[in-house]
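The structure appears right after this line, and notes come after that.
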Amino acid sequence: MTARTLKAADPVALATELAASFADRAAAHDRDGSFPHENIADLVASGYTAMTVPAAWGGGGAGLEELCRAQETLAAACASTAFAVNMHVHGIAMIAGIGGDQAAWAYRAIVEDGAVIAGGFSEPGVGGNWWHPTTSARPVPGGYLLNGRKGFFTGFPAADLLFLSAARTDDRGLPQPVGFLVPKPGRGVRVTAEWDAAGMRATGSHSLVLEDCYVEAGRMVGEPGALPLMFIQGVHWAWCSFASVFLGIARGALGLVVREQRGRTLHVLDRTVAHLPGVQFKVAEARTRLAAAEAHLYQAVRADHEAAVAADPLGHYIDMSVMKNSVCRLAHEVVTLAMQIQGGSALLAGHPLQRMYRDVVAGLLVPPNSDVTAEWAGKHALGVPVLAEPRWEG
Ligand SMILES: Cc1cc2nc3c(=O)[nH]c(=O)nc-3n(C[C@H](O)[C@H](O)[C@H](O)COP(=O)(O)OP(=O)(O)OC[C@H]3O[C@@H](n4cnc5c(N)ncnc54)[C@H](O)[C@@H]3O)c2cc1C
């Protein structure tokens, strides 16, 4: 499939256009835990998946704010679809920073063939500590053999390209994290557990095993050792886009619950539920938290990232991590308030709020890890060396 060239199109307008049909399909995919292949196909056909490919390569050249606004819009309709495509749209922007030939190759595949990327970094026993991959990359003629496990691989069912982390042994015999962007291998990758979860049920975040999975040496993203650099330099693409998905769920939930209370009466009332003080206070509180989350996200989106990385790369990483965790916590609180405003019917399987509630919880679990973020932020502010070992005596 060829992605429509997005040179002039507005990703937010596209997201708005697609959101209605995604919202219609969301309940069924959530109920069945099925992957929304038709939504991803619509995103590819519309050019949405090419939004962050530079315009010079036929993509949309979208900036971070457009990306986040568009993802928010999709997430309000179907959080799983937004989260699944998020790995792709922000991943493209991140590899651009260090990718060289690999970035150019990926751009062509995305624009000309409609290719979709999924990324696997977390591993059982490693969790979100992706900078210590246990998947090994053993050199063989022309490339590497990868062996290991990947715990959560969001978007795997629709992926044409896989972005995989592994550790190879450097010249000093030390493990060195490396990333490979490869066409989805026909051999050496096996799904060990299909995604079956309480929330984000339609993301196809399968668990995989890599067994002597051959990858060409030329498919390494950046120079050996560049993977951590990619995350530090491009972290705003990752954590801002993650935050935008969970902010979108919160905005969708609040909008929904407010609309419903305006027209809803209970037998004991002669007015709509909207006239109850408790409902009014909770709506006001939810709006306040939503506004705080939005302000924090878009302040981070509009920061001068290049200057921040140049001045204090670790501080920039921490600022973005703190923002993502704060936005996701507030988003969770907003959806919890929306549940209370709606009352018991919010828990019924047929009500969209219960799906949004289960989906927004994932924001508290996806990277960056909240405990590590708190540790790094506290140490950085207090002048304690952040990366010193042992961690609590640095
Ligand atoms: C819906 C969903 C989709 C996902 N999609 C992807 C994906 O596409 N690709 C991908 O690579 N990953 C994905 N993940 C996995 C995610 O990146 C995390 O790795 C995963 O949630 C486990 O990391 P964790 O730190 O939350 O928990 P664990 O690593 O399992 O940690 C367990 C506990 O230990 C704590 N902990 C862990 N490490 C430290 C530390 N260093 N210091 C202090 N405390 C620590 C945690 O806070 C937690 O309390 C996804 C997760 C979810 C929920």
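Convention: chains lettered A, B, ... in structure tokens order; per-chain residue numbering from 1; ligands numbered from 1 as shown.
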
Skipping near chain neighbours, those fewer than 6 positions away, what residues fall within 7 Å of Leu210 in chain A using only C-alpha atoms, listed as a short mmCIF file (atom, residue, chain, number, x, y, z; two decimals) with C-alpha atoms, in the first residue's frame?
data_model
loop_
_atom_site.label_atom_id
_atom_site.label_comp_id
_atom_site.auth_asym_id
_atom_site.auth_seq_id
_atom_site.Cartn_x
_atom_site.Cartn_y
_atom_site.Cartn_z
CA LEU A 146 19.66 -12.10 17.88
CA ASN A 147 18.56 -14.31 20.76
CA GLY A 148 16.28 -13.18 23.58
CA ARG A 149 12.76 -12.22 24.55
CA GLY A 188 13.66 -16.38 14.02
CA VAL A 189 10.76 -14.40 15.56
CA ARG A 190 7.96 -16.25 17.33
#

Which residues are near range 164-176 of chain A? Cut-off 12 Å, only C-alpha atoms, ignore same chain within fewer than 4 positions. Put them as a PDB file with N, CA and C atoms, in the first residue's frame.
ATOM      1  N   GLY A  91       8.616   7.046  16.559  1.00  0.00           N
ATOM      2  CA  GLY A  91       9.865   6.313  16.285  1.00  0.00           C
ATOM      3  C   GLY A  91      10.577   6.868  15.058  1.00  0.00           C
ATOM      4  N   ILE A 117       6.077   0.695  11.469  1.00  0.00           N
ATOM      5  CA  ILE A 117       7.143   0.259  12.392  1.00  0.00           C
ATOM      6  C   ILE A 117       6.548  -0.074  13.759  1.00  0.00           C
ATOM      7  N   ALA A 118       7.057  -1.148  14.375  1.00  0.00           N
ATOM      8  CA  ALA A 118       6.789  -1.414  15.803  1.00  0.00           C
ATOM      9  C   ALA A 118       8.142  -1.586  16.476  1.00  0.00           C
ATOM     10  N   GLY A 119       8.196  -1.292  17.788  1.00  0.00           N
ATOM     11  CA  GLY A 119       9.492  -1.323  18.482  1.00  0.00           C
ATOM     12  C   GLY A 119       9.463  -2.191  19.725  1.00  0.00           C
ATOM     13  N   GLY A 120      10.494  -2.987  19.920  1.00  0.00           N
ATOM     14  CA  GLY A 120      10.576  -3.855  21.101  1.00  0.00           C
ATOM     15  C   GLY A 120      11.862  -3.610  21.876  1.00  0.00           C
ATOM     16  N   PHE A 121      11.718  -3.032  23.056  1.00  0.00           N
ATOM     17  CA  PHE A 121      12.881  -2.719  23.892  1.00  0.00           C
ATOM     18  C   PHE A 121      12.785  -3.399  25.251  1.00  0.00           C
ATOM     19  N   SER A 122      11.571  -3.413  25.817  1.00  0.00           N
ATOM     20  CA  SER A 122      11.436  -4.002  27.154  1.00  0.00           C
ATOM     21  C   SER A 122      11.462  -5.520  27.047  1.00  0.00           C
ATOM     22  N   GLU A 123      11.997  -6.130  28.097  1.00  0.00           N
ATOM     23  CA  GLU A 123      12.180  -7.586  28.098  1.00  0.00           C
ATOM     24  C   GLU A 123      11.777  -8.131  29.459  1.00  0.00           C
ATOM     25  N   VAL A 126      13.917  -7.445  32.548  1.00  0.00           N
ATOM     26  CA  VAL A 126      14.591  -6.159  32.307  1.00  0.00           C
ATOM     27  C   VAL A 126      13.579  -5.030  32.467  1.00  0.00           C
ATOM     28  N   ASN A 129      13.928  -1.077  31.852  1.00  0.00           N
ATOM     29  CA  ASN A 129      15.349  -0.679  31.921  1.00  0.00           C
ATOM     30  C   ASN A 129      16.025  -1.058  30.599  1.00  0.00           C
ATOM     31  N   TRP A 130      15.525  -0.434  29.526  1.00  0.00           N
ATOM     32  CA  TRP A 130      15.879  -0.841  28.161  1.00  0.00           C
ATOM     33  C   TRP A 130      17.347  -0.655  27.837  1.00  0.00           C
ATOM     34  N   TRP A 131      18.041   0.149  28.608  1.00  0.00           N
ATOM     35  CA  TRP A 131      19.465   0.387  28.317  1.00  0.00           C
ATOM     36  C   TRP A 131      20.340  -0.792  28.769  1.00  0.00           C
ATOM     37  N   HIS A 132      19.716  -1.823  29.364  1.00  0.00           N
ATOM     38  CA  HIS A 132      20.427  -3.058  29.726  1.00  0.00           C
ATOM     39  C   HIS A 132      19.782  -4.254  29.033  1.00  0.00           C
ATOM     40  N   PRO A 133      19.716  -4.291  27.693  1.00  0.00           N
ATOM     41  CA  PRO A 133      19.021  -5.419  27.054  1.00  0.00           C
ATOM     42  C   PRO A 133      19.741  -6.733  27.316  1.00  0.00           C
ATOM     43  N   THR A 134      18.970  -7.787  27.514  1.00  0.00           N
ATOM     44  CA  THR A 134      19.584  -9.114  27.666  1.00  0.00           C
ATOM     45  C   THR A 134      19.525  -9.884  26.349  1.00  0.00           C
ATOM     46  N   THR A 135      18.773  -9.376  25.386  1.00  0.00           N
ATOM     47  CA  THR A 135      18.803  -9.989  24.047  1.00  0.00           C
ATOM     48  C   THR A 135      20.214  -9.831  23.499  1.00  0.00           C
ATOM     49  N   SER A 136      20.815 -10.941  23.049  1.00  0.00           N
ATOM     50  CA  SER A 136      22.206 -10.853  22.587  1.00  0.00           C
ATOM     51  C   SER A 136      22.253 -10.686  21.071  1.00  0.00           C
ATOM     52  N   ALA A 137      23.252  -9.961  20.619  1.00  0.00           N
ATOM     53  CA  ALA A 137      23.529  -9.810  19.178  1.00  0.00           C
ATOM     54  C   ALA A 137      24.906 -10.422  18.935  1.00  0.00           C
ATOM     55  N   ARG A 138      24.908 -11.638  18.365  1.00  0.00           N
ATOM     56  CA  ARG A 138      26.184 -12.341  18.153  1.00  0.00           C
ATOM     57  C   ARG A 138      26.609 -12.149  16.697  1.00  0.00           C
ATOM     58  N   PRO A 139      27.851 -11.626  16.503  1.00  0.00           N
ATOM     59  CA  PRO A 139      28.282 -11.381  15.123  1.00  0.00           C
ATOM     60  C   PRO A 139      28.429 -12.674  14.325  1.00  0.00           C
ATOM     61  N   VAL A 140      27.930 -12.634  13.087  1.00  0.00           N
ATOM     62  CA  VAL A 140      28.119 -13.725  12.121  1.00  0.00           C
ATOM     63  C   VAL A 140      28.438 -13.021  10.795  1.00  0.00           C
ATOM     64  N   GLY A 143      26.294  -9.973   9.432  1.00  0.00           N
ATOM     65  CA  GLY A 143      25.290  -9.451  10.356  1.00  0.00           C
ATOM     66  C   GLY A 143      25.399 -10.000  11.758  1.00  0.00           C
ATOM     67  N   TYR A 144      24.246 -10.178  12.371  1.00  0.00           N
ATOM     68  CA  TYR A 144      24.182 -10.641  13.763  1.00  0.00           C
ATOM     69  C   TYR A 144      23.045 -11.650  13.901  1.00  0.00           C
ATOM     70  N   LEU A 145      23.206 -12.545  14.865  1.00  0.00           N
ATOM     71  CA  LEU A 145      22.095 -13.407  15.251  1.00  0.00           C
ATOM     72  C   LEU A 145      21.569 -12.904  16.590  1.00  0.00           C
ATOM     73  N   LEU A 146      20.279 -12.594  16.633  1.00  0.00           N
ATOM     74  CA  LEU A 146      19.664 -12.102  17.877  1.00  0.00           C
ATOM     75  C   LEU A 146      18.987 -13.256  18.606  1.00  0.00           C
ATOM     76  N   ASN A 147      19.220 -13.314  19.915  1.00  0.00           N
ATOM     77  CA  ASN A 147      18.556 -14.309  20.757  1.00  0.00           C
ATOM     78  C   ASN A 147      18.085 -13.628  22.040  1.00  0.00           C
ATOM     79  N   GLY A 148      16.809 -13.794  22.357  1.00  0.00           N
ATOM     80  CA  GLY A 148      16.284 -13.184  23.581  1.00  0.00           C
ATOM     81  C   GLY A 148      14.772 -13.106  23.522  1.00  0.00           C
ATOM     82  N   ARG A 149      14.224 -12.349  24.461  1.00  0.00           N
ATOM     83  CA  ARG A 149      12.758 -12.220  24.550  1.00  0.00           C
ATOM     84  C   ARG A 149      12.366 -10.747  24.589  1.00  0.00           C
ATOM     85  N   LYS A 150      11.228 -10.447  24.022  1.00  0.00           N
ATOM     86  CA  LYS A 150      10.674  -9.096  24.093  1.00  0.00           C
ATOM     87  C   LYS A 150       9.280  -9.204  24.714  1.00  0.00           C
ATOM     88  N   GLY A 151       9.080  -8.437  25.785  1.00  0.00           N
ATOM     89  CA  GLY A 151       7.876  -8.618  26.584  1.00  0.00           C
ATOM     90  C   GLY A 151       6.616  -8.028  25.984  1.00  0.00           C
ATOM     91  N   PHE A 152       6.728  -6.853  25.440  1.00  0.00           N
ATOM     92  CA  PHE A 152       5.541  -6.139  24.934  1.00  0.00           C
ATOM     93  C   PHE A 152       5.931  -5.566  23.573  1.00  0.00           C
ATOM     94  N   PHE A 153       5.242  -5.958  22.523  1.00  0.00           N
ATOM     95  CA  PHE A 153       5.613  -5.440  21.192  1.00  0.00           C
ATOM     96  C   PHE A 153       4.379  -4.839  20.549  1.00  0.00           C
ATOM     97  N   PHE A 156       2.600  -5.122  16.840  1.00  0.00           N
ATOM     98  CA  PHE A 156       3.284  -6.199  16.107  1.00  0.00           C
ATOM     99  C   PHE A 156       2.432  -6.776  14.965  1.00  0.00           C
ATOM    100  N   PHE A 180      18.381  -2.293  15.921  1.00  0.00           N
ATOM    101  CA  PHE A 180      18.296  -2.684  14.508  1.00  0.00           C
ATOM    102  C   PHE A 180      16.892  -2.378  14.020  1.00  0.00           C
ATOM    103  N   LEU A 181      16.825  -1.775  12.844  1.00  0.00           N
ATOM    104  CA  LEU A 181      15.525  -1.561  12.191  1.00  0.00           C
ATOM    105  C   LEU A 181      15.505  -2.475  10.975  1.00  0.00           C
ATOM    106  N   VAL A 182      14.648  -3.495  11.020  1.00  0.00           N
ATOM    107  CA  VAL A 182      14.714  -4.547   9.995  1.00  0.00           C
ATOM    108  C   VAL A 182      13.321  -4.844   9.441  1.00  0.00           C
ATOM    109  N   PRO A 183      13.271  -5.322   8.188  1.00  0.00           N
ATOM    110  CA  PRO A 183      11.970  -5.836   7.714  1.00  0.00           C
ATOM    111  C   PRO A 183      11.554  -6.966   8.643  1.00  0.00           C
ATOM    112  N   LYS A 184      10.268  -7.076   8.951  1.00  0.00           N
ATOM    113  CA  LYS A 184       9.810  -8.117   9.881  1.00  0.00           C
ATOM    114  C   LYS A 184      10.348  -9.472   9.412  1.00  0.00           C
ATOM    115  N   PRO A 185      11.180 -10.103  10.233  1.00  0.00           N
ATOM    116  CA  PRO A 185      11.822 -11.328   9.749  1.00  0.00           C
ATOM    117  C   PRO A 185      10.815 -12.464   9.563  1.00  0.00           C
ATOM    118  N   VAL A 189      11.617 -15.172  14.658  1.00  0.00           N
ATOM    119  CA  VAL A 189      10.757 -14.398  15.565  1.00  0.00           C
ATOM    120  C   VAL A 189       9.475 -15.187  15.777  1.00  0.00           C
ATOM    121  N   LEU A 208       7.313 -11.846  22.465  1.00  0.00           N
ATOM    122  CA  LEU A 208       8.033 -12.551  21.397  1.00  0.00           C
ATOM    123  C   LEU A 208       9.285 -13.218  21.919  1.00  0.00           C
ATOM    124  N   VAL A 209       9.715 -14.241  21.178  1.00  0.00           N
ATOM    125  CA  VAL A 209      11.048 -14.781  21.417  1.00  0.00           C
ATOM    126  C   VAL A 209      11.826 -14.643  20.106  1.00  0.00           C
ATOM    127  N   LEU A 210      13.094 -14.280  20.248  1.00  0.00           N
ATOM    128  CA  LEU A 210      13.998 -14.190  19.089  1.00  0.00           C
ATOM    129  C   LEU A 210      14.949 -15.368  19.170  1.00  0.00           C
ATOM    130  N   CYS A 213      17.706 -15.064  15.250  1.00  0.00           N
ATOM    131  CA  CYS A 213      17.076 -14.184  14.265  1.00  0.00           C
ATOM    132  C   CYS A 213      18.183 -13.380  13.568  1.00  0.00           C
ATOM    133  N   TYR A 214      18.345 -13.629  12.279  1.00  0.00           N
ATOM    134  CA  TYR A 214      19.444 -12.972  11.539  1.00  0.00           C
ATOM    135  C   TYR A 214      19.045 -11.552  11.136  1.00  0.00           C
ATOM    136  N   VAL A 215      19.939 -10.599  11.467  1.00  0.00           N
ATOM    137  CA  VAL A 215      19.733  -9.217  11.001  1.00  0.00           C
ATOM    138  C   VAL A 215      21.023  -8.758  10.326  1.00  0.00           C
ATOM    139  N   ALA A 217      24.090  -6.481   9.270  1.00  0.00           N
ATOM    140  CA  ALA A 217      24.853  -5.481  10.034  1.00  0.00           C
ATOM    141  C   ALA A 217      24.460  -4.062   9.609  1.00  0.00           C
ATOM    142  N   ARG A 219      21.714  -2.902   8.963  1.00  0.00           N
ATOM    143  CA  ARG A 219      20.405  -2.470   9.494  1.00  0.00           C
ATOM    144  C   ARG A 219      20.529  -1.899  10.912  1.00  0.00           C
ATOM    145  N   MET A 220      21.760  -1.777  11.404  1.00  0.00           N
ATOM    146  CA  MET A 220      21.930  -1.163  12.729  1.00  0.00           C
ATOM    147  C   MET A 220      21.600   0.328  12.618  1.00  0.00           C
ATOM    148  N   VAL A 221      20.862   0.845  13.589  1.00  0.00           N
ATOM    149  CA  VAL A 221      20.474   2.258  13.569  1.00  0.00           C
ATOM    150  C   VAL A 221      21.581   3.069  14.236  1.00  0.00           C
ATOM    151  N   GLU A 223      25.604   4.464  14.723  1.00  0.00           N
ATOM    152  CA  GLU A 223      26.835   3.747  15.035  1.00  0.00           C
ATOM    153  C   GLU A 223      26.597   2.863  16.261  1.00  0.00           C
ATOM    154  N   PRO A 224      27.448   1.818  16.435  1.00  0.00           N
ATOM    155  CA  PRO A 224      27.323   1.037  17.672  1.00  0.00           C
ATOM    156  C   PRO A 224      27.413   1.960  18.888  1.00  0.00           C
ATOM    157  N   GLY A 225      26.547   1.777  19.827  1.00  0.00           N
ATOM    158  CA  GLY A 225      26.561   2.617  21.037  1.00  0.00           C
ATOM    159  C   GLY A 225      25.683   3.854  20.919  1.00  0.00           C
ATOM    160  N   ALA A 226      25.086   4.070  19.726  1.00  0.00           N
ATOM    161  CA  ALA A 226      24.299   5.300  19.524  1.00  0.00           C
ATOM    162  C   ALA A 226      22.887   5.210  20.089  1.00  0.00           C
ATOM    163  N   LEU A 227      22.469   4.018  20.500  1.00  0.00           N
ATOM    164  CA  LEU A 227      21.072   3.849  20.935  1.00  0.00           C
ATOM    165  C   LEU A 227      20.717   4.741  22.130  1.00  0.00           C
ATOM    166  N   PRO A 228      21.538   4.739  23.206  1.00  0.00           N
ATOM    167  CA  PRO A 228      21.208   5.639  24.315  1.00  0.00           C
ATOM    168  C   PRO A 228      21.191   7.104  23.877  1.00  0.00           C
TER     169      PRO A 228
END

Shell around Ala20 in chain A at 12 Å using only C-alpha atoms, local window under 5 positions removed, as a PyMOL selection string: chain A and resi 14-15+25-26+39+73-78

Hey, can you spit out that residue selection with C-alpha atoms as an mmCIF file, in the first residue's frame?
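Written output follows (again_2.cif):
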data_model
loop_
_atom_site.group_PDB
_atom_site.id
_atom_site.type_symbol
_atom_site.label_atom_id
_atom_site.label_comp_id
_atom_site.auth_asym_id
_atom_site.auth_seq_id
_atom_site.Cartn_x
_atom_site.Cartn_y
_atom_site.Cartn_z
ATOM 1 C CA LEU A 14 -6.916 13.871 9.334
ATOM 2 C CA ALA A 15 -7.215 12.523 12.868
ATOM 3 C CA ARG A 25 -15.115 0.213 16.099
ATOM 4 C CA ALA A 26 -13.434 0.713 19.484
ATOM 5 C CA ASN A 39 -7.845 1.483 11.381
ATOM 6 C CA THR A 73 -7.590 13.351 18.856
ATOM 7 C CA LEU A 74 -7.164 9.703 17.839
ATOM 8 C CA ALA A 75 -6.805 8.570 21.460
ATOM 9 C CA ALA A 76 -10.095 10.171 22.467
ATOM 10 C CA ALA A 77 -11.751 7.938 19.852
ATOM 11 C CA CYS A 78 -9.738 4.718 20.188
#

Residues near Trp239 in chain A, cut-off 10 Å, only C-alpha atoms, skip fewer than 2 positions along chain, as a VMD selection string: chain A and resid 90 234 to 237 241 to 244 297 300 to 301 317 319 to 325 366 to 368

Which residues are close to Ala50 in chain A, i.e. within 7 Å by only C-alpha atoms, leaving aside same-chain residues fewer than 2 positions away? Reply as a PDB file with C-alpha atoms, in the first residue's frame.
ATOM      1  CA  ALA A   3       0.895   6.172   1.823  1.00  0.00           C
ATOM      2  CA  LEU A   6       1.012  14.377   3.164  1.00  0.00           C
ATOM      3  CA  GLY A  47      -0.909   9.490   4.815  1.00  0.00           C
ATOM      4  CA  TYR A  48      -1.160   9.774   8.612  1.00  0.00           C
ATOM      5  CA  THR A  52       6.689  12.688  10.691  1.00  0.00           C
ATOM      6  CA  VAL A  53       8.678  11.684   7.607  1.00  0.00           C
ATOM      7  CA  GLY A  59       6.245  12.905   4.152  1.00  0.00           C
ATOM      8  CA  GLY A  60       4.262  15.429   6.137  1.00  0.00           C
ATOM      9  CA  ILE A 110       6.901   4.299   4.767  1.00  0.00           C
ATOM     10  CA  VAL A 111       6.077   6.715   1.944  1.00  0.00           C
TER      11      VAL A 111
END

Residues of range 177-342 of chain A in strand (DSSP E or B), written as a list in words: Pro177, Val178, Gly179, Phe180, Leu181, Val182, Pro183, Val189, Arg190, Val191, Thr192, Ala193, His206, Ser207, Leu208, Val209, Leu210, Glu211, Asp212, Cys213, Tyr214, Val215, Glu216, Met220, Thr265 and Thr272 of chain A

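With only C-alpha atoms and all ligand atoms as the atoms that count, the residue of A:Ala250, A:Ala198, A:Leu229, A:Cys328 with the shortest distance to ligand 1 is A:Ala198.
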
CA of Gln342 in chain A to CA of Val273 in chain A, distance in Å rounded to a single decimal: 9.3 Å

Option closest in space to ligand 1, from A:Ala104, A:Leu365, A:Val283, A:Ile318 [counting only C-alpha atoms and all ligand atoms]: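 Distance minimum relative to ligand 1 lands on A:Leu365.
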
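Each of A:Leu347, A:Met200, A:Leu161, A:Ala115 was compared to ligand 1 using only C-alpha atoms and all ligand atoms, and A:Met200 turns out to be the nearest.
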
Polymer residues at most 10 Å from Gln354 in chain A, only C-alpha atoms, same-chain spacing of 4 or more positions, as an MDAnalysis selection string: chainID A and resid 199 253 335:336 339 345:350 358:360

Per-residue DSSP, range 26-157 of chain A, filtered to helix (DSSP H, G or I), as an MDAnalysis selection string: chainID A and resid 26:32 37:46 48:50 55:57 64:77 79:96 101:113 156:157

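If you measure from each of A:Asp196, A:Asp270, A:Asp212, A:Glu393 to ligand 1 using only C-alpha atoms and all ligand atoms, the closest one turns out to be A:Asp196.
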